[in-house]
Structures are given as C-alpha cells and as structure tokens.
>>> print(open('model.txt').read())   # compact mmCIF, C-alpha atoms and all ligand atoms
# COMPACT_ATOMS: atom_id res chain seq x y z
CA MET A 12 74.51 -49.57 129.68
CA LEU A 13 76.79 -51.67 127.45
CA PRO A 14 76.35 -50.90 123.74
CA GLY A 15 76.12 -54.61 122.80
CA PHE A 16 73.43 -55.24 125.33
CA CYS A 17 71.59 -52.13 124.16
CA THR A 18 71.58 -53.50 120.62
CA ILE A 19 70.04 -56.75 121.83
CA LEU A 20 67.35 -54.85 123.74
CA LEU A 21 66.54 -52.77 120.70
CA ARG A 22 66.22 -55.87 118.51
CA PHE A 23 63.69 -57.39 120.87
CA ARG A 24 61.85 -54.11 121.18
CA SER A 25 61.57 -53.75 117.43
CA ARG A 26 59.63 -57.01 117.26
CA MET A 27 57.21 -56.15 120.02
CA PRO A 28 54.76 -53.72 118.33
CA ALA A 29 52.85 -56.47 116.52
CA LEU A 30 52.04 -58.28 119.74
CA THR A 31 49.12 -57.04 121.80
CA SER A 32 48.66 -59.40 124.74
CA ALA A 33 48.95 -57.95 128.25
CA LYS A 34 52.17 -59.90 128.84
CA CYS A 35 53.69 -58.49 125.68
CA LYS A 36 52.66 -54.99 126.65
CA ARG A 37 54.36 -55.40 130.01
CA MET A 38 57.43 -56.78 128.28
CA ARG A 39 57.40 -53.89 125.84
CA ASP A 40 57.20 -51.36 128.67
CA LEU A 41 60.08 -53.07 130.44
CA LEU A 42 62.19 -53.02 127.31
CA ASN A 43 61.25 -49.39 126.62
CA SER A 44 62.38 -48.25 130.01
CA SER A 45 65.63 -50.27 129.70
CA ILE A 46 66.35 -48.82 126.26
CA LEU A 47 66.16 -45.34 127.74
CA HIS A 48 69.43 -46.01 129.48
CA CYS A 49 71.24 -46.76 126.24
CA PRO A 50 73.42 -44.01 124.81
CA ALA A 51 71.31 -41.84 122.46
CA ARG A 52 73.77 -42.35 119.60
CA ILE A 53 73.38 -46.12 119.68
CA ARG A 54 69.62 -45.84 120.12
CA GLN A 55 69.33 -43.74 116.99
CA VAL A 56 71.58 -45.87 114.77
CA VAL A 57 70.00 -49.16 115.70
CA LEU A 58 66.44 -47.82 115.64
CA ARG A 59 66.99 -46.47 112.15
CA ARG A 60 68.37 -49.78 110.94
CA LEU A 61 65.49 -51.70 112.49
CA ARG A 62 62.95 -49.31 111.04
CA GLU A 63 64.38 -49.97 107.59
CA ASP A 64 63.69 -53.66 107.78
CA SER A 65 60.52 -53.36 109.89
CA ALA A 66 58.34 -53.68 106.78
CA GLY A 67 59.73 -57.16 106.33
CA THR A 68 59.16 -57.90 109.99
CA ASP A 69 55.50 -56.84 109.77
CA GLU A 70 54.96 -59.09 106.78
CA LEU A 71 56.26 -62.02 108.78
CA TYR A 72 53.51 -61.49 111.34
CA HIS A 73 50.88 -61.59 108.65
CA GLU A 74 51.98 -64.78 106.94
CA LYS A 75 49.09 -67.10 106.23
CA ASN A 76 51.03 -70.10 107.50
CA GLU A 77 49.86 -70.07 111.11
CA GLU A 78 52.46 -72.58 112.23
CA THR A 79 55.30 -70.38 111.01
CA ARG A 80 53.75 -67.34 112.66
CA VAL A 81 53.36 -69.13 115.96
CA GLN A 82 56.95 -70.35 115.76
CA LYS A 83 58.13 -66.84 115.13
CA ILE A 84 56.12 -65.42 118.01
CA GLY A 85 57.44 -68.20 120.22
CA ARG A 86 60.96 -67.25 119.25
CA ILE A 87 60.26 -63.67 120.16
CA PHE A 88 58.95 -64.70 123.56
CA ILE A 89 62.05 -66.76 124.21
CA GLY A 90 64.21 -63.88 123.10
CA ALA A 91 62.32 -61.45 125.29
CA ALA A 92 62.57 -63.85 128.23
CA LEU A 93 66.34 -63.98 127.69
CA ALA A 94 66.43 -60.19 127.65
CA VAL A 95 64.53 -60.07 130.91
CA ALA A 96 66.87 -62.66 132.41
CA ALA A 97 69.80 -60.54 131.31
CA LEU A 98 68.12 -57.51 132.83
CA ALA A 99 67.57 -59.36 136.06
CA ALA A 100 71.26 -60.35 136.07
CA THR A 101 72.31 -56.73 135.63
CA ALA A 102 69.88 -55.80 138.38
CA GLN A 103 71.69 -58.15 140.75
CA ALA A 104 75.09 -56.74 139.82
CA PRO A 105 76.16 -53.75 141.92
CA GLN A 106 74.04 -50.88 140.66
CA PRO A 107 74.31 -47.17 141.14
CA ALA A 108 71.77 -45.90 143.68
CA ALA A 109 68.18 -45.39 142.53
CA HIS A 110 67.52 -42.39 140.31
CA HIS A 111 68.44 -39.02 141.66
CA TRP A 112 65.27 -36.96 141.85
CA ALA A 113 65.01 -33.59 140.13
CA ILE A 114 62.42 -30.86 139.72
CA VAL A 115 61.99 -27.80 137.52
CA VAL A 116 59.36 -25.11 138.12
CA HIS A 117 58.19 -22.15 136.06
CA GLY A 118 55.98 -19.23 136.98
CA GLY A 119 55.29 -17.92 133.49
CA ALA A 120 57.23 -16.17 130.74
CA GLY A 121 56.72 -12.67 129.39
CA VAL A 122 57.74 -9.05 129.56
CA ILE A 123 59.66 -9.37 132.79
CA GLU A 124 62.41 -6.74 132.77
CA ARG A 125 64.77 -5.42 135.41
CA ALA A 126 64.05 -1.82 134.46
CA THR A 127 60.37 -2.11 135.34
CA MET A 128 60.44 -4.77 138.07
CA LYS A 129 60.34 -3.46 141.63
CA PRO A 130 62.94 -5.21 143.80
CA GLU A 131 60.41 -6.19 146.49
CA ILE A 132 58.11 -7.71 143.86
CA GLU A 133 60.97 -9.62 142.30
CA ALA A 134 61.94 -10.87 145.76
CA ALA A 135 58.37 -12.02 146.37
CA TYR A 136 58.32 -13.98 143.10
CA ARG A 137 61.68 -15.57 143.85
CA ALA A 138 60.56 -16.52 147.36
CA SER A 139 57.38 -18.07 146.08
CA ILE A 140 59.04 -20.07 143.33
CA THR A 141 61.63 -21.24 145.86
CA GLN A 142 58.92 -22.34 148.28
CA ALA A 143 57.10 -24.32 145.58
CA THR A 144 60.29 -25.95 144.31
CA GLU A 145 61.30 -26.94 147.82
CA ALA A 146 57.85 -28.36 148.56
CA GLY A 147 58.09 -30.55 145.46
CA ALA A 148 61.66 -31.52 146.34
CA LYS A 149 60.59 -32.58 149.81
CA VAL A 150 58.07 -34.99 148.32
CA LEU A 151 60.70 -36.43 145.98
CA GLU A 152 63.30 -36.66 148.73
CA LYS A 153 60.93 -38.85 150.74
CA GLY A 154 60.52 -41.15 147.75
CA GLY A 155 57.20 -39.66 146.63
CA SER A 156 56.15 -39.82 142.98
CA ALA A 157 56.80 -37.15 140.37
CA LEU A 158 53.00 -36.64 140.22
CA ASP A 159 52.82 -36.02 143.98
CA ALA A 160 55.68 -33.53 143.77
CA ILE A 161 54.06 -31.68 140.89
CA GLU A 162 50.71 -31.46 142.62
CA ALA A 163 52.29 -30.24 145.88
CA ALA A 164 54.32 -27.54 144.14
CA ILE A 165 51.52 -26.33 141.88
CA GLN A 166 48.99 -26.16 144.73
CA ILE A 167 51.26 -23.64 146.44
CA LEU A 168 51.48 -21.51 143.31
CA GLU A 169 47.73 -21.77 142.70
CA ASP A 170 47.12 -20.36 146.18
CA ASP A 171 49.61 -17.54 145.65
CA PRO A 172 47.96 -14.41 144.17
CA LEU A 173 51.20 -13.50 142.40
CA PHE A 174 50.61 -16.15 139.77
CA ASN A 175 48.10 -16.48 136.99
CA ALA A 176 46.77 -19.78 138.29
CA GLY A 177 44.08 -20.52 140.88
CA ARG A 178 43.74 -17.45 143.15
CA GLY A 179 45.33 -14.58 141.22
CA ALA A 180 44.20 -15.80 137.82
CA VAL A 181 43.54 -13.21 135.13
CA PHE A 182 39.96 -12.27 134.21
CA THR A 183 38.06 -13.03 131.04
CA ALA A 184 36.43 -10.14 129.13
CA GLU A 185 33.20 -11.02 130.99
CA GLY A 186 34.96 -10.53 134.33
CA LYS A 187 35.32 -14.20 135.30
CA ASN A 188 38.23 -16.39 136.34
CA GLU A 189 38.23 -19.49 134.13
CA LEU A 190 40.96 -21.91 135.06
CA ASP A 191 42.76 -24.55 132.99
CA ALA A 192 45.17 -27.29 134.12
CA ALA A 193 46.72 -30.55 132.99
CA ILE A 194 48.92 -33.29 134.38
CA MET A 195 50.60 -36.23 132.64
CA ASP A 196 52.33 -39.33 133.95
CA GLY A 197 55.33 -40.25 131.81
CA SER A 198 55.41 -43.84 133.09
CA ASN A 199 52.14 -44.84 131.43
CA LEU A 200 51.06 -41.87 129.27
CA LYS A 201 48.01 -41.34 131.43
CA ALA A 202 46.83 -37.75 131.45
CA GLY A 203 44.11 -35.55 132.91
CA ALA A 204 43.07 -32.03 131.97
CA VAL A 205 40.42 -29.44 132.77
CA ALA A 206 39.40 -26.18 131.14
CA GLY A 207 37.14 -23.30 132.13
CA VAL A 208 36.84 -24.36 135.75
CA THR A 209 35.40 -21.68 138.08
CA ARG A 210 34.79 -23.34 141.44
CA THR A 211 37.56 -25.82 142.17
CA ARG A 212 40.25 -24.39 144.41
CA HIS A 213 43.07 -26.50 142.97
CA PRO A 214 42.63 -27.13 139.24
CA ILE A 215 45.83 -29.22 139.19
CA SER A 216 44.30 -31.67 141.67
CA LEU A 217 41.19 -31.80 139.54
CA ALA A 218 43.28 -32.61 136.46
CA ARG A 219 44.87 -35.41 138.45
CA ALA A 220 41.48 -36.69 139.57
CA VAL A 221 40.32 -36.73 135.93
CA MET A 222 43.37 -38.86 135.13
CA GLU A 223 43.02 -41.23 138.07
CA LYS A 224 39.31 -41.36 138.83
CA SER A 225 37.48 -40.87 135.55
CA LEU A 226 37.42 -42.66 132.23
CA HIS A 227 38.28 -39.44 130.46
CA VAL A 228 41.25 -37.24 129.73
CA MET A 229 39.65 -33.80 129.56
CA LEU A 230 36.64 -32.19 131.24
CA ILE A 231 35.42 -28.63 130.85
CA GLY A 232 33.36 -25.98 132.63
CA ALA A 233 30.54 -26.76 135.02
CA GLY A 234 30.84 -30.49 134.35
CA ALA A 235 34.46 -30.45 135.44
CA ASP A 236 33.56 -28.61 138.66
CA ALA A 237 30.71 -31.07 139.30
CA PHE A 238 33.12 -33.97 138.89
CA ALA A 239 35.54 -32.23 141.30
CA ALA A 240 32.79 -31.95 143.91
CA SER A 241 31.83 -35.60 143.36
CA VAL A 242 35.35 -36.77 144.20
CA GLY A 243 35.58 -34.51 147.25
CA LEU A 244 37.85 -31.76 145.92
CA GLU A 245 37.50 -28.42 147.68
CA GLN A 246 34.90 -26.14 146.07
CA VAL A 247 34.94 -22.38 146.53
CA ASP A 248 32.82 -19.42 145.50
CA PRO A 249 34.16 -18.02 142.20
CA SER A 250 35.03 -14.79 144.06
CA PHE A 251 37.73 -16.78 145.92
CA PHE A 252 39.91 -16.30 142.85
CA PHE A 253 39.37 -12.52 142.69
CA THR A 254 42.35 -10.21 143.18
CA GLU A 255 42.17 -6.45 142.94
CA ARG A 256 45.40 -6.28 140.98
CA ARG A 257 44.13 -8.56 138.21
CA TRP A 258 40.76 -6.83 138.15
CA GLN A 259 42.27 -3.40 137.63
CA SER A 260 44.61 -4.83 135.03
CA LEU A 261 41.59 -6.13 133.09
CA VAL A 262 39.80 -2.79 133.36
CA ARG A 263 42.90 -0.97 132.04
CA GLN A 264 43.23 -3.38 129.12
CA LEU A 265 39.57 -3.16 128.13
CA GLN A 266 39.58 0.65 128.41
CA LYS A 267 42.64 0.81 126.19
CA GLU A 268 41.07 -1.48 123.62
CA GLY A 269 37.72 0.35 123.78
CA ARG A 270 35.90 -2.78 124.87
CA PRO A 271 33.01 -2.78 127.38
CA ILE A 272 33.92 -3.12 131.08
CA PRO A 273 31.96 -5.90 132.81
CA PRO A 274 30.40 -5.30 136.24
CA ARG A 275 32.64 -5.95 139.24
CA PRO A 276 32.20 -9.64 140.09
CA ALA A 277 29.67 -10.64 142.75
CA GLY A 278 31.36 -11.47 146.03
CA ALA A 279 34.42 -9.33 145.31
CA PRO A 280 35.46 -6.99 148.11
CA PRO A 281 34.36 -3.36 147.70
CA PRO A 282 36.63 -1.40 145.40
CA PRO A 283 39.50 0.35 147.16
CA SER A 284 39.46 4.15 147.19
CA VAL A 285 42.78 4.27 145.37
CA THR A 286 44.09 2.35 142.42
CA VAL A 287 46.16 -0.63 143.60
CA ALA A 288 49.83 -0.02 143.06
CA GLU A 289 50.81 -1.36 139.67
CA ILE A 290 53.09 -4.19 140.66
CA ASP A 291 53.73 -5.43 137.17
CA ALA A 292 55.16 -4.00 134.03
CA PRO A 293 52.78 -3.27 131.14
CA GLY A 294 52.03 -6.60 129.50
CA ALA A 295 52.23 -8.30 132.87
CA HIS A 296 49.03 -10.17 132.18
CA LYS A 297 51.07 -12.13 129.72
CA TYR A 298 52.77 -14.13 132.45
CA GLY A 299 52.08 -16.02 135.61
CA THR A 300 51.04 -19.43 134.37
CA VAL A 301 52.73 -22.10 136.49
CA GLY A 302 54.21 -25.45 135.56
CA VAL A 303 56.35 -28.19 137.04
CA VAL A 304 58.24 -31.17 135.63
CA ALA A 305 59.78 -33.75 137.93
CA LEU A 306 61.79 -36.97 138.02
CA ASP A 307 61.27 -39.28 140.98
CA ARG A 308 63.51 -41.92 142.53
CA LYS A 309 61.82 -44.66 140.54
CA GLY A 310 62.96 -42.96 137.36
CA ASN A 311 59.49 -41.77 136.36
CA ILE A 312 58.90 -38.32 134.97
CA ALA A 313 55.72 -36.24 134.85
CA ALA A 314 54.54 -32.76 133.90
CA GLY A 315 51.84 -30.41 135.16
CA THR A 316 50.62 -26.94 134.20
CA SER A 317 47.97 -24.61 135.67
CA THR A 318 46.76 -21.24 134.39
CA GLY A 319 44.03 -18.65 134.21
CA GLY A 320 44.80 -18.32 130.50
CA THR A 321 45.14 -14.92 128.85
CA GLN A 322 43.59 -11.74 130.21
CA GLY A 323 40.47 -10.55 128.42
CA LYS A 324 39.92 -13.92 126.73
CA GLN A 325 36.46 -14.45 125.23
CA TRP A 326 33.97 -17.05 124.13
CA GLY A 327 35.30 -19.91 126.23
CA ARG A 328 38.81 -19.59 124.83
CA VAL A 329 41.16 -22.39 125.97
CA GLY A 330 44.93 -22.08 125.67
CA ASP A 331 47.68 -24.65 125.39
CA SER A 332 48.17 -25.44 129.09
CA PRO A 333 45.48 -28.13 129.34
CA ILE A 334 46.04 -29.47 125.83
CA ILE A 335 48.08 -32.65 126.09
CA GLY A 336 51.00 -32.37 123.68
CA ALA A 337 50.78 -28.57 123.43
CA GLY A 338 51.39 -27.05 126.87
CA THR A 339 51.90 -30.27 128.80
CA TYR A 340 53.39 -33.65 127.92
CA ALA A 341 55.34 -36.47 129.57
CA SER A 342 56.73 -39.79 128.41
CA ASN A 343 59.39 -41.88 130.11
CA GLN A 344 60.63 -42.66 126.62
CA SER A 345 61.72 -39.10 125.95
CA CYS A 346 60.93 -36.20 128.27
CA ALA A 347 58.38 -34.18 130.24
CA VAL A 348 57.53 -30.60 129.32
CA SER A 349 55.45 -27.75 130.71
CA ALA A 350 55.10 -24.64 128.56
CA THR A 351 54.00 -21.06 129.02
CA GLY A 352 53.33 -18.25 126.58
CA THR A 353 50.69 -17.21 124.09
CA GLY A 354 48.86 -20.51 123.96
CA GLU A 355 47.57 -20.29 120.40
CA TYR A 356 51.10 -20.71 119.00
CA PHE A 357 51.88 -23.55 121.36
CA ILE A 358 48.75 -25.41 120.28
CA ARG A 359 49.54 -24.94 116.60
CA LEU A 360 53.05 -26.30 117.07
CA GLY A 361 52.20 -29.02 119.57
CA VAL A 362 55.18 -27.65 121.46
CA ALA A 363 55.50 -30.06 124.37
CA ARG A 364 55.21 -33.18 122.23
CA GLU A 365 57.44 -31.63 119.57
CA VAL A 366 60.28 -31.25 122.08
CA CYS A 367 59.91 -34.89 123.13
CA ASN A 368 59.81 -36.05 119.51
CA LEU A 369 63.03 -34.24 118.72
CA VAL A 370 64.68 -35.98 121.66
CA TYR A 371 63.28 -39.39 120.79
CA PHE A 372 63.43 -39.48 117.01
CA LYS A 373 66.28 -37.10 116.26
CA GLY A 374 68.49 -37.90 119.23
CA MET A 375 68.79 -34.21 120.15
CA THR A 376 69.83 -33.33 123.66
CA LEU A 377 67.01 -31.96 125.76
CA GLN A 378 68.43 -28.43 125.61
CA GLN A 379 68.90 -28.60 121.83
CA ALA A 380 65.31 -29.76 121.39
CA ALA A 381 63.91 -27.07 123.70
CA ASP A 382 65.91 -24.33 121.93
CA GLN A 383 64.97 -25.63 118.48
CA VAL A 384 61.26 -25.41 119.31
CA ILE A 385 61.36 -22.07 121.13
CA HIS A 386 63.97 -20.17 119.13
CA LYS A 387 63.29 -21.61 115.68
CA GLU A 388 59.79 -23.08 115.37
CA LEU A 389 57.96 -20.74 117.76
CA GLU A 390 59.82 -17.67 116.55
CA SER A 391 59.12 -18.48 112.93
CA LEU A 392 55.41 -18.09 113.79
CA HIS A 393 56.21 -14.92 115.80
CA GLY A 394 55.04 -16.70 118.95
CA ASP A 395 56.33 -15.88 122.43
CA GLY A 396 56.90 -17.92 125.55
CA GLY A 397 59.02 -20.63 127.05
CA LEU A 398 59.15 -24.08 128.54
CA ILE A 399 60.79 -26.27 131.14
CA ALA A 400 61.73 -29.91 130.51
CA ILE A 401 63.27 -33.00 132.10
CA THR A 402 64.38 -36.48 130.97
CA PRO A 403 64.28 -39.75 132.90
CA ASP A 404 68.08 -39.70 133.10
CA GLY A 405 67.99 -36.38 134.92
CA LYS A 406 68.75 -33.86 132.17
CA LEU A 407 67.04 -30.53 132.81
CA ALA A 408 66.36 -27.70 130.41
CA TRP A 409 64.55 -24.43 130.06
CA SER A 410 64.23 -22.16 127.08
CA PHE A 411 62.27 -18.94 126.40
CA ASN A 412 62.27 -16.11 123.89
CA THR A 413 60.75 -13.47 126.19
CA PRO A 414 62.73 -11.00 128.32
CA GLY A 415 62.12 -13.21 131.33
CA MET A 416 60.65 -16.39 132.74
CA PHE A 417 60.25 -17.14 136.46
CA ARG A 418 62.01 -20.44 136.91
CA ALA A 419 63.88 -22.68 139.34
CA ARG A 420 65.44 -26.12 139.39
CA LEU A 421 66.80 -28.43 141.99
CA THR A 422 68.35 -31.89 141.82
CA GLU A 423 69.08 -34.31 144.63
CA GLY A 424 72.20 -33.18 146.44
CA GLY A 425 72.40 -30.00 144.36
CA LYS A 426 71.80 -26.32 144.98
CA LEU A 427 68.63 -24.46 144.02
CA GLN A 428 69.12 -22.53 140.81
CA ILE A 429 66.63 -19.74 140.28
CA GLY A 430 66.25 -17.22 137.50
CA VAL A 431 63.96 -14.45 136.32
CA TYR A 432 65.63 -12.55 133.45
CA ASN A 433 67.09 -13.83 130.21
CA ASP A 434 70.65 -12.82 131.15
CA GLU A 435 70.69 -15.31 134.02
CA PRO A 436 71.89 -18.88 133.43
N1 LIG A 501 49.83 -20.47 127.91
C1 LIG A 501 48.77 -19.87 128.65
C2 LIG A 501 47.56 -19.75 127.76
O1 LIG A 501 47.70 -19.41 126.60
C3 LIG A 501 49.11 -18.50 129.17
C4 LIG A 501 50.49 -18.34 129.74
O2 LIG A 501 51.27 -19.28 129.74
O3 LIG A 501 50.80 -17.27 130.24
O4 LIG A 501 46.48 -19.95 128.22
>>> encode(input="model.txt", output="structure tokens", more="lines below")
Ligand code: ASP
Amino acid sequence: MLPGFCTILLRFRSRMPALTSAKCKRMRDLLNSSILHCPARIRQVVLRRLREDSAGTDELYHEKNEETRVQKIGRIFIGAALAVAALAATAQAPQPAAHHWAIVVHGGAGVIERATMKPEIEAAYRASITQATEAGAKVLEKGGSALDAIEAAIQILEDDPLFNAGRGAVFTAEGKNELDAAIMDGSNLKAGAVAGVTRTRHPISLARAVMEKSLHVMLIGAGADAFAASVGLEQVDPSFFFTERRWQSLVRQLQKEGRPIPPRPAGAPPPPSVTVAEIDAPGAHKYGTVGVVALDRKGNIAAGTSTGGTQGKQWGRVGDSPIIGAGTYASNQSCAVSATGTGEYFIRLGVAREVCNLVYFKGMTLQQAADQVIHKELESLHGDGGLIAITPDGKLAWSFNTPGMFRARLTEGGKLQIGVYNDEP
C-alpha cells in the first residue's frame, strides 16, 4: 500500500480508540485490517509519533465543552468516511488476487534425534503430518476458513495414536488421559479453550464449540464434557484414548521416579504378554502435542493447539496449550501462534502473545520474533520447546530449541515443506 495513504489510515486509526459505538468499532476493525498492509517500517514510525501526542488527543475527547467535542467527533467521522471511500476506490482498482492461503502444522517438540529414531517410525510421523497438512490445505483451497482448516487438520492428529493429543495422549500419574485444547480466531479475537477433558473425542472441536456456542472462553473437566455432549459432539468412553505405548511409558517413568503405579485403566485391552516395542527415544513423552496456524483466502488467520499435556502430571495440572496467550494466540493485527514444549515456561512467558507483541509493537519480522522468544526469553528460563506462527500477509515461521520438532508448511501454489530434526530448514 502507498506510504502516504498508510499515514492517513494510521491518523484516523489513532483517533478511534475513544469512540465506542458499534459503527466506530466496525470502522476501527476496517482500518486495522487495512493498516496491516502498510509496510512495517512506516507503521512503526507513524504509530510512535501518534502515541506521543495521543495524550493530547485523549484530553480533547474529555473537554467539558460538549459542542467542541461533538464537532471533533464529527470531524473524525467525516475523516473516517473519507478513508473508507479511499479504500473503496482502491478496492475497485485492479487488485492482486485474494490472499494466498497458507498453513503450518506441528506435532510437538522434544528429544527427537536421528540416532534414536527408527526410520519406519520417522516415516510414520512424516506421513501423518503430511496428511493433516494436506487436509487443512484442502479446506483452504476450497475457500474454507482458517478455523475450518485448523479443526480438520487437528482432528486427524487427535485420532492418530502417534501424537500426544486425543487418542494417544499421555497418562496422568493417576492413569488417566486428561486432554486440553484451544482455538483462536484472529479476525475478531474470539477464543475457546478446554482443559482436563476425558470423554470428548475431539477436544479441538470442543474448544471451537466453547468459542462459538457458549458465553465463555474456557471450560474444564466434567463440565466441559457435559457441554460437549449438549452441543452434540461425539462422546467416547475414556478408554478410547488408551494406547499401550503411552501406558508402558508412564509405568516406566513412575518406576524410575519411585512413584506408585496406578491400576491399569478400566476398559483398556488386556496387557500384552510382551512389552510393546519402544518406538520413541527416552524423553519421548515430552513431545506429541499438535498445533496448526492458518491463513485463509479472506486474509484471516487463526491458531489451534491440542494436547494430553505432560506425562505423569498430577493434581489437575494444566499446561500452556489451552491458555490463550501462552500456547495459543491469534490476531489479524499481528500473527497467529501455536506452541509446544514444557508448558510451565510458556505460561510464565505468555509465549504466543509475546511473539505477536514483538511483531506488532517492535516491528520485528515474524521469524525474528519467534527466535527472540524461543532462543532468548525461553532459554533464559531454561525452558524447552518450540512454536509455529503465521501473519495475515502470509509470512510463516517456526522456531524451537529442542533437537527436533515435527513440522510442516504449505502455501497456495507451493510445495510441502516438512521437517523433523533441527538441522533441516
Ligand atoms: N505444552 C504442552 C503442555 O505443557 C506439552 C507439549 O507441548 O508437549 O501441556
């Protein structure tokens, strides 16, 4: 967008916060999404200048002289109307095609190393991540929303026992699968999240239902499952989520730590006569959370994350994945992020929101912001993990400080890029 025009947009936008009517809110949203197309450099310079004199602007709104205030507001409306007219004019001019869609998927970060990864297991992970990415891409290709793409991709990963989400989730110290998920719509900052769910087959769909069909943002435990049932989401016996591999992994961990071993869960198949082949490296329970960020053809971005949390967790522990701003965040004004790693650090840093703030307030590129948070802020706390991110103008990023992170990305007309280890691009 032309720098001069961007400056005008920013001036109007700077005068909008004091106005609260529905029309003004709509206007503000329109201006916000237009400003996103301005070069970051200009956005930063002008925003800073406007912030400096915003105190003066606020005072103007609070003047006792009502006539003056009304005049000023009137002027702002006229100005905003002119901006919209200008926008409409640009809309009629030949425009590049609608936004190119894009999607990024992760399947968890952790101790994922070539030396200990069996080739057939690696191939299975790559195939699964590819399938989920392509399912999301198909939705976007047809013009579906970023939210639809995220839900489609995550449902596949939740059904896949390879991942620590839905079926295949890790066990708590009490021998249960307690599932967390969140989804956020960058176009309106609406969000839904669930924690400690034990009966809903697709926690990501439940998070979306919380966002779209309830008055709340976050539901937990039995109440969340009851809400899921009330809106017709598939309910399953908790043993649906049982996998022998995760069970034996829990038993090994608890034995090693000298903690009591809970009884084998009711409804689980009888124990096999031999130990299931160890398909993961030691520390494998540290990965497998799944997340997706997407950009749709309308230019909207969204983020979603689903997890079983950390193996051997106790006392109703909830990680970062369902915490909006920590493991999941999306705003069309900056970026969408899904994180994975030891959730306690991600909560303390507010990782997902922090990345978006660095993009919005500091004008960092998406990759710079992601690396700053993972390699500086997270590492300074000795935290481990990674994230994937996307902006409304189609920039994609991933960053992690673990030996590996299952990940893939695809943009309209591009080729699938998939990676596992930290020496891959
Ligand atoms: N972040 C998740 C949690 O702490 C776990 C993970 O990403 O592997 O619950």
>>> axis_aligned_box(input="model.txt", around="ligand LIG 501 (chain A)", padding_each_side="5 Å", output="JSON")
{"center_x": 48.9, "center_y": -18.9, "center_z": 128.4, "size_x": 14.8, "size_y": 13.2, "size_z": 13.6}
>>> atom_distance(input="model.txt", atom1="atom CA of Gly154 of chain A", atom2="atom CA of Gly430 of chain A")
26.7 Å
>>> residues_near_point(input="model.txt", point="(54.0, -29.9, 143.6)", cutoff="9 Å", atoms="only C-alpha atoms", output="PyMOL selection string")
chain A and resi 143-148+150+157-168+303+305+315
>>> closest_residue(input="model.txt", among="A:Ala240, A:Met222, A:Val329, A:Ala204", to="ligand LIG 501 (chain A)", atoms="all atoms listed in the file")
A:Val329
>>> atom_distance(input="model.txt", atom1="atom CA of Gln322 of chain A", atom2="atom CA of Ala180 of chain A")
8.6 Å
>>> closest_atom_pairs(input="model.txt", of="chain A", to="ligand LIG 501 (chain A)", cutoff="8 Å", atoms="all atoms listed in the file", output="Markdown table")
| residue | atom | partner | partner_atom | distance |
| --- | --- | --- | --- | --- |
| A:Gly119 | CA | A:LIG501 | O3 | 5.6 |
| A:Ala120 | CA | A:LIG501 | O3 | 6.5 |
| A:Gly121 | CA | A:LIG501 | O3 | 7.5 |
| A:Asn175 | CA | A:LIG501 | O3 | 7.3 |
| A:Asp191 | CA | A:LIG501 | O4 | 7.6 |
| A:His296 | CA | A:LIG501 | O3 | 7.6 |
| A:Lys297 | CA | A:LIG501 | O3 | 5.2 |
| A:Tyr298 | CA | A:LIG501 | O3 | 4.3 |
| A:Gly299 | CA | A:LIG501 | O3 | 5.7 |
| A:Thr300 | CA | A:LIG501 | O2 | 4.6 |
| A:Val301 | CA | A:LIG501 | O2 | 7.5 |
| A:Thr318 | CA | A:LIG501 | C1 | 6.2 |
| A:Gly319 | CA | A:LIG501 | O4 | 6.6 |
| A:Gly320 | CA | A:LIG501 | O4 | 3.3 |
| A:Thr321 | CA | A:LIG501 | O4 | 5.2 |
| A:Val329 | CA | A:LIG501 | O4 | 6.3 |
| A:Gly330 | CA | A:LIG501 | O4 | 3.7 |
| A:Asp331 | CA | A:LIG501 | N1 | 5.3 |
| A:Ser332 | CA | A:LIG501 | N1 | 5.4 |
| A:Gly338 | CA | A:LIG501 | N1 | 6.8 |
| A:Ala350 | CA | A:LIG501 | O2 | 6.7 |
| A:Thr351 | CA | A:LIG501 | O2 | 3.3 |
| A:Gly352 | CA | A:LIG501 | O2 | 3.9 |
| A:Thr353 | CA | A:LIG501 | O1 | 4.5 |
| A:Gly354 | CA | A:LIG501 | O1 | 3.1 |
| A:Glu355 | CA | A:LIG501 | O1 | 6.3 |
| A:Phe357 | CA | A:LIG501 | N1 | 7.5 |
| A:Gly396 | CA | A:LIG501 | O2 | 7.1 |
>>> atom_distance(input="model.txt", atom1="atom CA of Ala193 of chain A", atom2="atom CA of Ile215 of chain A")
6.4 Å
>>> closest_residue(input="model.txt", among="A:Ser216, A:Asn188, A:Gln264, A:Ser225", to="Asp248 of chain A", atoms="only C-alpha atoms")
A:Asn188
>>> residues_around(input="model.txt", residues="Leu377 of chain A", least_positions_apart="5", cutoff="8 Å", atoms="all atoms listed in the file", output="ChimeraX atom specification")
/A:346,366,370,400-402,406-408
>>> write_last_selection(input="model.txt", atoms="C-alpha atoms", output="JSON list (two decimals), keeping the file's coordinate frame")
[["chain", "number", "residue", "atom", "x", "y", "z"],
["A", 346, "CYS", "CA", 60.93, -36.20, 128.27],
["A", 366, "VAL", "CA", 60.28, -31.25, 122.08],
["A", 370, "VAL", "CA", 64.68, -35.98, 121.66],
["A", 400, "ALA", "CA", 61.73, -29.91, 130.51],
["A", 401, "ILE", "CA", 63.27, -33.00, 132.10],
["A", 402, "THR", "CA", 64.38, -36.48, 130.97],
["A", 406, "LYS", "CA", 68.75, -33.86, 132.17],
["A", 407, "LEU", "CA", 67.04, -30.53, 132.81],
["A", 408, "ALA", "CA", 66.36, -27.70, 130.41]]
>>> closest_residue(input="model.txt", among="A:Asp170, A:Glu185, A:Asp434, A:Glu223", to="Arg275 of chain A", atoms="all atoms listed in the file")
A:Glu185
>>> closest_residue(input="model.txt", among="A:Ile123, A:Ala381, A:Val304, A:Ile358", to="Thr316 of chain A", atoms="only C-alpha atoms")
A:Val304
>>> residues_around(input="model.txt", residues="segment 384-392 of chain A", least_positions_apart="2", cutoff="9 Å", atoms="only C-alpha atoms", output="number ranges by chain")
A: 356-357, 360, 362-363, 365-366, 379-382, 394-398, 410-412
>>> closest_residue(input="model.txt", among="A:Ser139, A:Thr209, A:Gln266, A:Ser198", to="Phe252 of chain A", atoms="all atoms listed in the file")
A:Thr209
>>> closest_residue(input="model.txt", among="A:Val262, A:Leu369, A:Leu306, A:Ala239", to="Ala109 of chain A", atoms="only C-alpha atoms")
A:Leu306
